[in-house]
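Trainee: Before I ask anything, here is the structure I am working with.
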Amino acid sequence: MNTTTRHTLAVDCRALTKQYGQGENAVQALRGVDLDVRTGEMTYLVGPSGCGKTTLISVIAGTLDRTSGSCHVFGDDVASWGERKRAAWRGRNVGFVFQALNLVPTLTAAENVAVPLMILGEGHDAALKRAATMLERVDLGARTRSLPAQLSGGQQQRVAIARALVHEPRLVVCDEPTSALDHETGQRVMELLRSVASRDDRALLVVTHDSRIFALADRIAHMDDGRVERVESAPSSH
Ligand SMILES: Nc1ncnc2c1ncn2[C@@H]1O[C@H](COP(=O)(O)OP(=O)(O)O)[C@@H](O)[C@H]1O
Ligand SMILES: [Mg+2]
C-alpha cells in the first residue's frame with residue numbers, strides 16, 4: 001500500500017473482528033468494526049462497558065491480534081509483522097495513556113517520562129533533559145524530581161500524558177484517561193491533552209465514558225456490542 005496517498009488517514013479498520021477464547025468460552029468482542037481515524041483530530045470512542053472499546057484500541061495499537069478483517073495504521077498492516085518488528089513500531093509510533101496510570105512508583109516524574117526515550121536508545125542524560133522539557137509543557141516543570149506518590153491524581157495523569165508524548169508518537173491512544181479523576185480535574189487534563197498533543201501529523205484516539213468532556217472531541221465514534229454504530233462530528237468550536 002502506498003502510504004503517501006493515505007496521509008490524512010491514521011487508522012483504517014474494515015470488518016474487524018476479535019474473538020476471545022474458543023468454543024463454549026468464546027466471546028465475540030468485535031463483530032465487524034469499520035472505523036477511520038484522521039490525523040490532526042481528536043477522536044473519542046464511546047459506548048457502554050463491555051462493548052469492545054479496549055479491545056479495539058488494543059488491536060489498533062498493535063498489542064492484540066485481530067481474528068479477521070483489516071486494520072491499517074498509517075498505511076501499515078502492523079498485525080502481519082513479527083512481534084519484534086511490531087514492538088519496535090509501537091515504541092516509535094504509539095503513545096499510551098491508561099486509566100491505571102502505570103507509573104513506576106520508584107522512579108521520579110522525569111525518570112518515568114524518560115522511559116520511552118531510553119527504550120528507543122536515547123542516552124540517560126539526554127532523555128532526562130527531554131523529559132523535563134515535556135513535563136514543563138504539562139505544567140509540571142517544578143515536579144520533575146517528585147515520586148508519583150507525592151503527586152495528586154491529576155498531576156500523575158499529566159505525567160502519564162507527558163510520557164505518552166515525549167517520543168513524539170504519531171498515534172496517541174488513551175483508555176479512560178480521566179475516569180479516576182474528579183470532573184474538574186478530568187476536564188483540565190483533557191484540555192491539556194488536546195492542547196499539547198494535537199498536531200497535524202498525529203491522531204488522538206480517546207476511550208471515554210465521560211460525556212461531560214465530549215465537547216473537546218472533533219469526532220465521536222459510538223460503539224455498541226462490538227461494532228461502531230455511528231460517527232458524529234462534534235459540534236465543537238475548535
Ligand atoms: N482477555 C479477555 N478474555 C476474554 N474475554 C475478554 C477479554 N478481554 C475482554 N473480554 C470481553 O470482551 C468484551 C469487550 O471487552 P472490552 O474491550 O474490555 O470492553 P470495554 O473496554 O468497552 O469495556 C467483554 O465482553 C469482555 O468481557
Ligand atoms: Mg475498557
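We label chains A, B, ... in the order they appear in the C-alpha cells, count residues from 1 in each chain, and number ligands from 1 in the order shown.
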Pick out the residues sitting within 7 Å of range 152-155 of chain A, and hand them over as a list in words; count only C-alpha atoms, and ignore anything fewer than 4 positions along from it in its own chain.
Mentor: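 Here the qualifying residues turn out to be Val159, Leu181, Thr185 and Val189 of chain A.
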Trainee: Produce as a PyMOL selection string the set of residues near ligand 2, where near means within 12 Å with only C-alpha atoms and all ligand atoms considered.
Mentor: chain A and resi 29+45-58+98-100+174-177+179+206-209+223
Trainee: For range 120-131 of chain A, find every residue with an atom within 10 Å (counting only C-alpha atoms), except residues of its own chain fewer than 3 positions away, and show them as a ChimeraX atom specification.
Mentor: /A:88,91-92,109-117,134-137,141,144,159,162-163,165-167
Trainee: Smallest atom-to-atom distance to Val27 in chain A: which of A:Gly62, A:Ser80, A:Thr67, A:Glu229, using only C-alpha atoms?
Mentor: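 Checking each candidate against Val27 in chain A, we get A:Thr67 as the closest.
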Trainee: Residues within 10 Å of Leu101 in chain A, please, as a list of chain:residue names. Count only C-alpha atoms; anything in the same chain fewer than 4 positions from it doesn't count.
Mentor: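 Answer for this query is A:Phe96, A:Val97, A:Pro148, A:Gly153, A:Gln156, A:Gln157, A:Arg158, A:Val159, A:Ala160, A:Ile161, A:Pro177, A:Ala180.
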Trainee: Take the residues that were just selected and, keeping all heavy atoms, output them as a PDB file, in the first residue's frame.
Mentor:
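Everything below was put into again-v3.pdb:
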```pdb
ATOM      1  N   PHE A  96       0.779   5.706  24.825  1.00  0.00           N
ATOM      2  CA  PHE A  96      -0.360   5.152  25.566  1.00  0.00           C
ATOM      3  C   PHE A  96      -0.625   5.939  26.846  1.00  0.00           C
ATOM      4  O   PHE A  96       0.306   6.257  27.583  1.00  0.00           O
ATOM      5  CB  PHE A  96      -0.068   3.705  26.003  1.00  0.00           C
ATOM      6  CG  PHE A  96       0.104   2.734  24.877  1.00  0.00           C
ATOM      7  CD1 PHE A  96       1.357   2.482  24.337  1.00  0.00           C
ATOM      8  CD2 PHE A  96      -0.993   2.052  24.362  1.00  0.00           C
ATOM      9  CE1 PHE A  96       1.519   1.566  23.298  1.00  0.00           C
ATOM     10  CE2 PHE A  96      -0.837   1.132  23.334  1.00  0.00           C
ATOM     11  CZ  PHE A  96       0.425   0.888  22.796  1.00  0.00           C
ATOM     12  N   VAL A  97      -1.905   6.207  27.110  1.00  0.00           N
ATOM     13  CA  VAL A  97      -2.318   6.728  28.418  1.00  0.00           C
ATOM     14  C   VAL A  97      -3.435   5.827  28.924  1.00  0.00           C
ATOM     15  O   VAL A  97      -4.437   5.643  28.240  1.00  0.00           O
ATOM     16  CB  VAL A  97      -2.846   8.180  28.334  1.00  0.00           C
ATOM     17  CG1 VAL A  97      -3.188   8.705  29.731  1.00  0.00           C
ATOM     18  CG2 VAL A  97      -1.840   9.102  27.655  1.00  0.00           C
ATOM     19  N   PRO A 148       5.752   9.502  42.047  1.00  0.00           N
ATOM     20  CA  PRO A 148       4.306   9.505  41.784  1.00  0.00           C
ATOM     21  C   PRO A 148       3.464   9.685  43.052  1.00  0.00           C
ATOM     22  O   PRO A 148       2.487  10.441  43.055  1.00  0.00           O
ATOM     23  CB  PRO A 148       4.071   8.142  41.130  1.00  0.00           C
ATOM     24  CG  PRO A 148       5.350   7.872  40.408  1.00  0.00           C
ATOM     25  CD  PRO A 148       6.433   8.435  41.307  1.00  0.00           C
ATOM     26  N   GLY A 153      -3.683  12.990  41.874  1.00  0.00           N
ATOM     27  CA  GLY A 153      -4.146  12.156  40.763  1.00  0.00           C
ATOM     28  C   GLY A 153      -4.043  12.877  39.425  1.00  0.00           C
ATOM     29  O   GLY A 153      -3.600  12.301  38.425  1.00  0.00           O
ATOM     30  N   GLN A 156      -0.447  13.126  38.413  1.00  0.00           N
ATOM     31  CA  GLN A 156       0.049  11.833  37.925  1.00  0.00           C
ATOM     32  C   GLN A 156      -0.433  11.575  36.504  1.00  0.00           C
ATOM     33  O   GLN A 156       0.320  11.055  35.669  1.00  0.00           O
ATOM     34  CB  GLN A 156      -0.431  10.700  38.838  1.00  0.00           C
ATOM     35  CG  GLN A 156       0.246  10.708  40.200  1.00  0.00           C
ATOM     36  CD  GLN A 156      -0.218   9.540  41.064  1.00  0.00           C
ATOM     37  OE1 GLN A 156      -0.398   8.431  40.587  1.00  0.00           O
ATOM     38  NE2 GLN A 156      -0.429   9.795  42.345  1.00  0.00           N
ATOM     39  N   GLN A 157      -1.679  11.939  36.223  1.00  0.00           N
ATOM     40  CA  GLN A 157      -2.179  11.711  34.871  1.00  0.00           C
ATOM     41  C   GLN A 157      -1.433  12.609  33.873  1.00  0.00           C
ATOM     42  O   GLN A 157      -1.192  12.217  32.741  1.00  0.00           O
ATOM     43  CB  GLN A 157      -3.696  11.917  34.816  1.00  0.00           C
ATOM     44  CG  GLN A 157      -4.392  11.339  33.592  1.00  0.00           C
ATOM     45  CD  GLN A 157      -4.105   9.868  33.335  1.00  0.00           C
ATOM     46  OE1 GLN A 157      -2.969   9.498  33.011  1.00  0.00           O
ATOM     47  NE2 GLN A 157      -5.103   9.017  33.472  1.00  0.00           N
ATOM     48  N   ARG A 158      -1.036  13.810  34.322  1.00  0.00           N
ATOM     49  CA  ARG A 158      -0.247  14.683  33.445  1.00  0.00           C
ATOM     50  C   ARG A 158       1.149  14.104  33.205  1.00  0.00           C
ATOM     51  O   ARG A 158       1.702  14.237  32.101  1.00  0.00           O
ATOM     52  CB  ARG A 158      -0.175  16.090  34.018  1.00  0.00           C
ATOM     53  CG  ARG A 158      -1.402  16.901  33.623  1.00  0.00           C
ATOM     54  CD  ARG A 158      -1.852  17.860  34.668  1.00  0.00           C
ATOM     55  NE  ARG A 158      -0.842  18.849  35.003  1.00  0.00           N
ATOM     56  CZ  ARG A 158      -0.904  19.646  36.079  1.00  0.00           C
ATOM     57  NH1 ARG A 158      -1.929  19.560  36.903  1.00  0.00           N
ATOM     58  NH2 ARG A 158       0.036  20.512  36.312  1.00  0.00           N
ATOM     59  N   VAL A 159       1.716  13.441  34.208  1.00  0.00           N
ATOM     60  CA  VAL A 159       2.999  12.739  33.993  1.00  0.00           C
ATOM     61  C   VAL A 159       2.797  11.641  32.941  1.00  0.00           C
ATOM     62  O   VAL A 159       3.616  11.471  32.028  1.00  0.00           O
ATOM     63  CB  VAL A 159       3.542  12.128  35.306  1.00  0.00           C
ATOM     64  CG1 VAL A 159       4.800  11.298  35.031  1.00  0.00           C
ATOM     65  CG2 VAL A 159       3.839  13.225  36.331  1.00  0.00           C
ATOM     66  N   ALA A 160       1.682  10.908  33.074  1.00  0.00           N
ATOM     67  CA  ALA A 160       1.412   9.823  32.117  1.00  0.00           C
ATOM     68  C   ALA A 160       1.243  10.380  30.702  1.00  0.00           C
ATOM     69  O   ALA A 160       1.677   9.763  29.721  1.00  0.00           O
ATOM     70  CB  ALA A 160       0.163   9.049  32.541  1.00  0.00           C
ATOM     71  N   ILE A 161       0.624  11.550  30.588  1.00  0.00           N
ATOM     72  CA  ILE A 161       0.467  12.184  29.271  1.00  0.00           C
ATOM     73  C   ILE A 161       1.832  12.614  28.725  1.00  0.00           C
ATOM     74  O   ILE A 161       2.139  12.387  27.553  1.00  0.00           O
ATOM     75  CB  ILE A 161      -0.514  13.375  29.366  1.00  0.00           C
ATOM     76  CG1 ILE A 161      -1.934  12.840  29.551  1.00  0.00           C
ATOM     77  CG2 ILE A 161      -0.410  14.269  28.135  1.00  0.00           C
ATOM     78  CD1 ILE A 161      -2.962  13.901  29.900  1.00  0.00           C
ATOM     79  N   PRO A 177      -8.826   7.930  30.273  1.00  0.00           N
ATOM     80  CA  PRO A 177      -7.758   8.643  30.993  1.00  0.00           C
ATOM     81  C   PRO A 177      -8.243   9.485  32.161  1.00  0.00           C
ATOM     82  O   PRO A 177      -7.436   9.848  33.021  1.00  0.00           O
ATOM     83  CB  PRO A 177      -7.135   9.543  29.917  1.00  0.00           C
ATOM     84  CG  PRO A 177      -8.209   9.744  28.913  1.00  0.00           C
ATOM     85  CD  PRO A 177      -8.987   8.453  28.894  1.00  0.00           C
ATOM     86  N   ALA A 180     -10.424   8.073  36.762  1.00  0.00           N
ATOM     87  CA  ALA A 180     -10.031   8.052  38.174  1.00  0.00           C
ATOM     88  C   ALA A 180      -9.983   9.463  38.769  1.00  0.00           C
ATOM     89  O   ALA A 180      -9.607   9.640  39.922  1.00  0.00           O
ATOM     90  CB  ALA A 180      -8.672   7.366  38.328  1.00  0.00           C
TER      91      ALA A 180
END
```
Trainee: How many Å lie between CA of Ala132 in chain A and CA of Gln150 in chain A, rounded to one decimal?
Mentor: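 We find that CA of Ala132 in chain A and CA of Gln150 in chain A lie 17.0 Å from each other.
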Trainee: Report as a PyMOL selection string all protein, DNA and RNA residues lying within 10 Å of Ala197 in chain A, evaluated on only C-alpha atoms, omitting residues in the same chain fewer than 5 positions from it.
Mentor: chain A and resi 40-42+161-162+164-165+168-172+191-192+202-204
Trainee: Using Å and a single decimal, report how far atom 4 (C, counted along the ligand's line) of ligand 1 sits from CA of Gly21 in chain A.
Mentor: 6.2 Å
Trainee: So that I can check the secondary structure, give me every residue of range 95-209 of chain A assigned strand (DSSP E or B) by backbone DSSP, as a compact mmCIF listing (two decimals) with all heavy atoms, in the first residue's frame.
Mentor:
```
# COMPACT_ATOMS: atom_id res chain seq x y z
N GLY A 95 1.83 6.32 21.54
CA GLY A 95 1.89 6.74 22.94
C GLY A 95 0.63 6.27 23.65
O GLY A 95 -0.46 6.40 23.10
N PHE A 96 0.78 5.71 24.83
CA PHE A 96 -0.36 5.15 25.57
C PHE A 96 -0.63 5.94 26.85
O PHE A 96 0.31 6.26 27.58
CB PHE A 96 -0.07 3.70 26.00
CG PHE A 96 0.10 2.73 24.88
CD1 PHE A 96 1.36 2.48 24.34
CD2 PHE A 96 -0.99 2.05 24.36
CE1 PHE A 96 1.52 1.57 23.30
CE2 PHE A 96 -0.84 1.13 23.33
CZ PHE A 96 0.43 0.89 22.80
N VAL A 97 -1.90 6.21 27.11
CA VAL A 97 -2.32 6.73 28.42
C VAL A 97 -3.43 5.83 28.92
O VAL A 97 -4.44 5.64 28.24
CB VAL A 97 -2.85 8.18 28.33
CG1 VAL A 97 -3.19 8.71 29.73
CG2 VAL A 97 -1.84 9.10 27.65
N PHE A 98 -3.25 5.27 30.10
CA PHE A 98 -4.22 4.34 30.65
C PHE A 98 -4.94 4.95 31.85
O PHE A 98 -4.47 5.91 32.44
CB PHE A 98 -3.54 3.05 31.12
CG PHE A 98 -2.80 2.35 30.04
CD1 PHE A 98 -1.42 2.43 29.96
CD2 PHE A 98 -3.47 1.60 29.08
CE1 PHE A 98 -0.71 1.79 28.96
CE2 PHE A 98 -2.77 0.95 28.08
CZ PHE A 98 -1.40 1.05 28.02
N LEU A 171 0.60 8.31 16.81
CA LEU A 171 -0.72 7.89 17.30
C LEU A 171 -0.69 7.89 18.82
O LEU A 171 0.22 7.31 19.42
CB LEU A 171 -1.05 6.49 16.79
CG LEU A 171 -2.34 5.85 17.30
CD1 LEU A 171 -3.57 6.59 16.78
CD2 LEU A 171 -2.40 4.38 16.91
N VAL A 172 -1.67 8.56 19.44
CA VAL A 172 -1.78 8.54 20.90
C VAL A 172 -3.11 7.89 21.24
O VAL A 172 -4.17 8.35 20.79
CB VAL A 172 -1.71 9.96 21.48
CG1 VAL A 172 -1.89 9.93 23.00
CG2 VAL A 172 -0.37 10.61 21.14
N VAL A 173 -3.06 6.78 21.99
CA VAL A 173 -4.29 6.11 22.41
C VAL A 173 -4.45 6.24 23.92
O VAL A 173 -3.49 6.02 24.68
CB VAL A 173 -4.34 4.62 21.99
CG1 VAL A 173 -4.41 4.48 20.49
CG2 VAL A 173 -3.16 3.85 22.53
N CYS A 174 -5.64 6.63 24.34
CA CYS A 174 -5.92 6.85 25.75
C CYS A 174 -7.13 6.03 26.13
O CYS A 174 -8.18 6.14 25.49
CB CYS A 174 -6.22 8.32 26.01
SG CYS A 174 -4.99 9.46 25.35
N ASP A 175 -7.00 5.19 27.18
CA ASP A 175 -8.12 4.36 27.60
C ASP A 175 -8.67 4.90 28.91
O ASP A 175 -8.08 4.69 29.97
CB ASP A 175 -7.68 2.90 27.74
CG ASP A 175 -8.87 1.95 27.75
OD1 ASP A 175 -10.02 2.42 27.82
OD2 ASP A 175 -8.64 0.73 27.69
N ALA A 203 -2.64 11.53 15.32
CA ALA A 203 -4.02 11.22 15.63
C ALA A 203 -4.15 10.89 17.11
O ALA A 203 -3.28 10.22 17.69
CB ALA A 203 -4.50 10.03 14.81
N LEU A 204 -5.23 11.38 17.71
CA LEU A 204 -5.53 11.09 19.11
C LEU A 204 -6.79 10.27 19.17
O LEU A 204 -7.83 10.70 18.67
CB LEU A 204 -5.80 12.39 19.89
CG LEU A 204 -4.68 13.37 20.11
CD1 LEU A 204 -5.20 14.59 20.84
CD2 LEU A 204 -3.62 12.69 20.93
N LEU A 205 -6.72 9.12 19.81
CA LEU A 205 -7.88 8.25 19.96
C LEU A 205 -8.11 8.05 21.45
O LEU A 205 -7.24 7.53 22.16
CB LEU A 205 -7.61 6.92 19.25
CG LEU A 205 -8.74 5.91 19.15
CD1 LEU A 205 -9.98 6.51 18.51
CD2 LEU A 205 -8.27 4.71 18.34
N VAL A 206 -9.27 8.49 21.93
CA VAL A 206 -9.52 8.53 23.37
C VAL A 206 -10.78 7.76 23.71
O VAL A 206 -11.88 8.12 23.25
CB VAL A 206 -9.68 9.99 23.86
CG1 VAL A 206 -9.91 10.01 25.37
CG2 VAL A 206 -8.46 10.83 23.50
N VAL A 207 -10.64 6.68 24.48
CA VAL A 207 -11.81 5.98 25.00
C VAL A 207 -12.29 6.71 26.25
O VAL A 207 -11.49 7.01 27.14
CB VAL A 207 -11.45 4.53 25.39
CG1 VAL A 207 -12.60 3.87 26.16
CG2 VAL A 207 -11.10 3.72 24.16
```
Trainee: Let's see if you can do this: from backbone DSSP, list all helix (DSSP H, G or I) residues in range 12-233 of chain A, as an MDAnalysis selection string.
Mentor: chainID A and resid 23:25 53:60 78:80 83:93 109:119 124:137 141:143 148:150 153:165 183:197 211:216
Trainee: Pick from A:Gly75, A:Pro105, A:Gly226, A:Gly82: nearest to ligand 1, with only C-alpha atoms and all ligand atoms counted?
Mentor: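 Checking each candidate against ligand 1, we get A:Gly226 as the closest.
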